[in-house]
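Participant: Before we start, here is the structure in question, set down as C-alpha cells.
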Amino acid sequence: MLRSAALLCFATTALTAQSDHGFGAVPPVPLPDLTAHDQTGRTVSLRELLAGRRTAIQFVFTDCPTTCPLLGNLFQRVDKALPAPEKEPQLLTITVDPANDTPERLAAWLTTFRHSARWSALRFSLGDLNQLLRTLGIQPGPAVAHSLQIFIADAEGRYVARTTALPTAAQVISALRTQPETSPHPGAQLYLSATRFVATVNDEPLAPIAARCANCHGAGRTGQAEGEVQVPSLFPRSLLTAQSRRGGPPSAYSESSFCQALATGRDPAGVQFSSVMPRYQLEPRACRLLWQYLTNPR
C-alpha cells in the first residue's frame, strides 16, 4: 500500500530542448548543502558527494511495488552500460519515505539490482528532503502517483536537466555524458594549474606542475588520504565552519586567514600544516579569486 507521506505531487517547470521523455535543460540551480545517511549508514554531504562527477538522480521508496522497480531497472541498465565506476558519472537513488526506509532497507533494495560502486542511495530527514524537492521544482505532499522523472546534477552540484517521465537508459547515459559549455570561475585556473603561484616546500622552489592545489586536494576538491597525511576537502562548509583542525581548537577560515595560511603554513588556530603542504606567495587579487572559487556555493 502506498504511504501518503511518501508520495509526491510534482509541479511542472519550464523545459527547453525537450522531446518525448528525454532530458530538457533548466537554468543551473545549486543544490542545497544537506547531509544524509547512505545505504551503509555513513553520514554524507550531498554537495561533497556530487562534486566532480555528473549525477543522475531518482526518487523511490522501498515498499513501492509498481513504479520504483521500473526506476531501479532503469538505473541497473545504465549502471551496466557505463564502464569503470571510478572514472564515470554516478547514479543516486533518494528515498521519499525517510521514516521507514532505513539504510539497511536501502542497501537491500540496491542489492536486488546488483549495483556497482557508482550507484548509491540516500536517506534525508523529512525537512531536508522537502528542501531538496523544492529546489528541484517539486512540491512535496500527498498525491495519487509516484513520479518517474530523472534529474541531472553537474560536476559542480547544480541541477541542470530533468525529464517529464520515465526516460530510456540511452537517454540517461547521453545526459550523463553531456558536458555543457560553461564559463569557468576565474579562480578555477589558479586551483587547477598554479600558473600564477610561487610555491616552496622546505624553502625549495616548486615547478607549477608540483604546486597545483588539485594534485593533493583533487580536481573535485574532495581531499584524499596520501600515505600518513590526510588531505582535507576544500568545500565551502569545510572552510567556513568552525571545527578542530589537526588537533587544534575549533576555527574557521576567512579570506584573510586563508591567504595567510597559504603563505605561512598555519591554519586560523595557528596549528602548523604538514611539511608537504607547499607555502605559497600570491598577489592579493589572485588569492581573493582562489578563495572565491573555493567558497562559491555553486
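For the C-alpha cells, the naming scheme is as follows: chains receive sequential letters (A, B, ...) according to their order of presentation, residues are indexed from 1 within each chain, and ligands are indexed from 1 in presentation order.
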Contacts of Leu239 of chain A at 10 Å or less, counting only C-alpha atoms, minus same-chain residues fewer than 3 places along, as a PyMOL selection string?
Facilitator: chain A and resi 232-236+242-243+251-255+258+291+294-295
Participant: Mind checking which residues fall within 12 Å of His185 of chain A, counting only C-alpha atoms, ignoring those fewer than 6 positions away in the same chain, and posting them as a list in words?
Facilitator: Glu156, Tyr191, Leu192, Leu289, Leu290, Trp291, Gln292, Tyr293, Leu294, Thr295, Asn296, Pro297 and Arg298 of chain A
Participant: Restricting it to N, CA and C atoms, dump the selection as a CSV table (one decimal), in the first residue's frame.
Facilitator:
chain,number,residue,atom,x,y,z
A,156,GLU,N,29.5,20.4,-10.6
A,156,GLU,CA,29.5,21.5,-9.6
A,156,GLU,C,28.4,21.4,-8.6
A,191,TYR,N,43.4,27.2,-9.1
A,191,TYR,CA,43.4,25.9,-8.4
A,191,TYR,C,43.9,24.7,-9.2
A,192,LEU,N,43.6,24.7,-10.4
A,192,LEU,CA,43.9,23.5,-11.2
A,192,LEU,C,45.3,23.6,-11.9
A,289,LEU,N,40.6,35.6,-5.7
A,289,LEU,CA,39.9,34.7,-6.7
A,289,LEU,C,39.9,33.3,-6.3
A,290,LEU,N,41.0,32.8,-5.8
A,290,LEU,CA,41.1,31.4,-5.3
A,290,LEU,C,40.1,31.2,-4.2
A,291,TRP,N,40.1,32.1,-3.2
A,291,TRP,CA,39.2,32.0,-2.1
A,291,TRP,C,37.7,32.0,-2.6
A,292,GLN,N,37.4,32.9,-3.5
A,292,GLN,CA,36.0,33.0,-4.0
A,292,GLN,C,35.6,31.7,-4.7
A,293,TYR,N,36.6,31.1,-5.5
A,293,TYR,CA,36.3,29.8,-6.2
A,293,TYR,C,36.0,28.7,-5.2
A,294,LEU,N,36.8,28.6,-4.1
A,294,LEU,CA,36.6,27.5,-3.1
A,294,LEU,C,35.4,27.7,-2.3
A,295,THR,N,35.0,28.9,-2.0
A,295,THR,CA,33.8,29.2,-1.2
A,295,THR,C,32.5,29.5,-1.9
A,296,ASN,N,32.6,29.4,-3.3
A,296,ASN,CA,31.4,29.7,-4.1
A,296,ASN,C,30.5,28.5,-3.9
A,297,PRO,N,29.2,28.8,-3.5
A,297,PRO,CA,28.3,27.6,-3.3
A,297,PRO,C,27.8,26.9,-4.5
A,298,ARG,N,28.2,27.3,-5.7
A,298,ARG,CA,27.7,26.7,-7.0
A,298,ARG,C,28.1,25.2,-7.0
Participant: Determine which residues of segment 10-135 of chain A receive a DSSP assignment of strand (DSSP E or B), computed from the backbone, and state them as a ChimeraX atom specification.
Facilitator: /A:16,24-30,35-38,43-45,55-60,90-95,119-123
Participant: Wanna dump the segment 100-203 of chain A-segment 43-63 of chain A contacts at 10 Å for me, each residue with its shortest atom pair and the distance in Å to one decimal, counting only C-alpha atoms, ordered by chain and number, as a Markdown table?
Facilitator:
| residue | atom | partner | partner_atom | distance |
| --- | --- | --- | --- | --- |
| A:Asn100 | CA | A:Thr62 | CA | 8.7 |
| A:Asp101 | CA | A:Thr62 | CA | 6.6 |
| A:Thr102 | CA | A:Thr62 | CA | 9.5 |
| A:Arg105 | CA | A:Thr62 | CA | 7.0 |
| A:Leu106 | CA | A:Thr62 | CA | 6.9 |
| A:Ala107 | CA | A:Thr62 | CA | 10.0 |
| A:Ala108 | CA | A:Thr62 | CA | 8.9 |
| A:Trp109 | CA | A:Thr62 | CA | 6.4 |
| A:Leu110 | CA | A:Thr62 | CA | 9.5 |
| A:Arg118 | CA | A:Thr55 | CA | 9.6 |
| A:Trp119 | CA | A:Ala56 | CA | 9.5 |
| A:Ser120 | CA | A:Leu49 | CA | 9.9 |
| A:Ala121 | CA | A:Gln58 | CA | 9.5 |
| A:Leu122 | CA | A:Val44 | CA | 8.6 |
| A:Arg123 | CA | A:Thr43 | CA | 9.6 |
| A:Phe124 | CA | A:Leu46 | CA | 9.8 |
| A:Leu133 | CA | A:Phe59 | CA | 9.7 |
| A:His146 | CA | A:Val60 | CA | 8.0 |
| A:Ser147 | CA | A:Phe59 | CA | 7.7 |
| A:Leu148 | CA | A:Gln58 | CA | 7.8 |
| A:Gln149 | CA | A:Gln58 | CA | 6.9 |
| A:Ile150 | CA | A:Gln58 | CA | 5.2 |
| A:Phe151 | CA | A:Ile57 | CA | 5.0 |
| A:Ile152 | CA | A:Ala56 | CA | 4.7 |
| A:Ala153 | CA | A:Thr55 | CA | 5.1 |
| A:Asp154 | CA | A:Arg54 | CA | 4.5 |
| A:Ala155 | CA | A:Gly52 | CA | 4.4 |
| A:Glu156 | CA | A:Ala51 | CA | 5.5 |
| A:Gly157 | CA | A:Leu50 | CA | 5.2 |
| A:Arg158 | CA | A:Leu50 | CA | 8.7 |
| A:Tyr159 | CA | A:Thr55 | CA | 9.3 |
| A:Ala161 | CA | A:Ala56 | CA | 9.4 |
| A:Arg162 | CA | A:Ala56 | CA | 9.3 |
| A:Val172 | CA | A:Ala56 | CA | 7.4 |
| A:Ile173 | CA | A:Ala56 | CA | 9.0 |
| A:Ala175 | CA | A:Ala56 | CA | 8.3 |
| A:Leu176 | CA | A:Arg54 | CA | 5.9 |
| A:Arg177 | CA | A:Arg54 | CA | 7.8 |
| A:Thr178 | CA | A:Arg54 | CA | 8.9 |
| A:Gln179 | CA | A:Arg54 | CA | 8.5 |
Participant: Closest to Pro32 of chain A among A:Thr135, A:Thr66, A:Thr264, A:Asn73, using only C-alpha atoms?
Facilitator: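 Looking at the shortest contact to Pro32 of chain A, the residue is A:Thr135.
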Participant: Which of these, A:Gly247, A:Pro103, A:Pro30, A:Gly265, has the shortest distance to Arg42 of chain A once you count only C-alpha atoms?
Facilitator: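 Using only C-alpha atoms, Arg42 of chain A sits closest to A:Pro103.
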Participant: Using only C-alpha atoms, which residue out of A:Asn202, A:Thr67, A:Asn215, A:Gln230 lies closest to Ala165 of chain A?
Facilitator: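 Among A:Asn202, A:Thr67, A:Asn215, A:Gln230, it is A:Thr67 that comes nearest to Ala165 of chain A.
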Participant: How far is it from atom CA of Cys287 of chain A to atom CA of Val198 of chain A, in Å with one decimal?
Facilitator: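 Distance between the two atoms: 12.0 Å.
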Participant: From the options A:Leu126, A:Ala263, A:Ala170, A:Ala225, which residue's atoms come nearest to Asp203 of chain A, counting only C-alpha atoms?
Facilitator: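 The closest residue to Asp203 of chain A is A:Ala263.
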Participant: Hey, can you check how far atom CA of Pro167 of chain A sits from atom CA of Gly22 of chain A?
Facilitator: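 Calculated distance between atom CA of Pro167 of chain A and atom CA of Gly22 of chain A is 5.5 Å.
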Participant: Atom CA of Gln224 of chain A and atom CA of Phe273 of chain A are how many Å apart?
Facilitator: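 Answer for the atom CA of Gln224 of chain A to atom CA of Phe273 of chain A separation: 15.4 Å.
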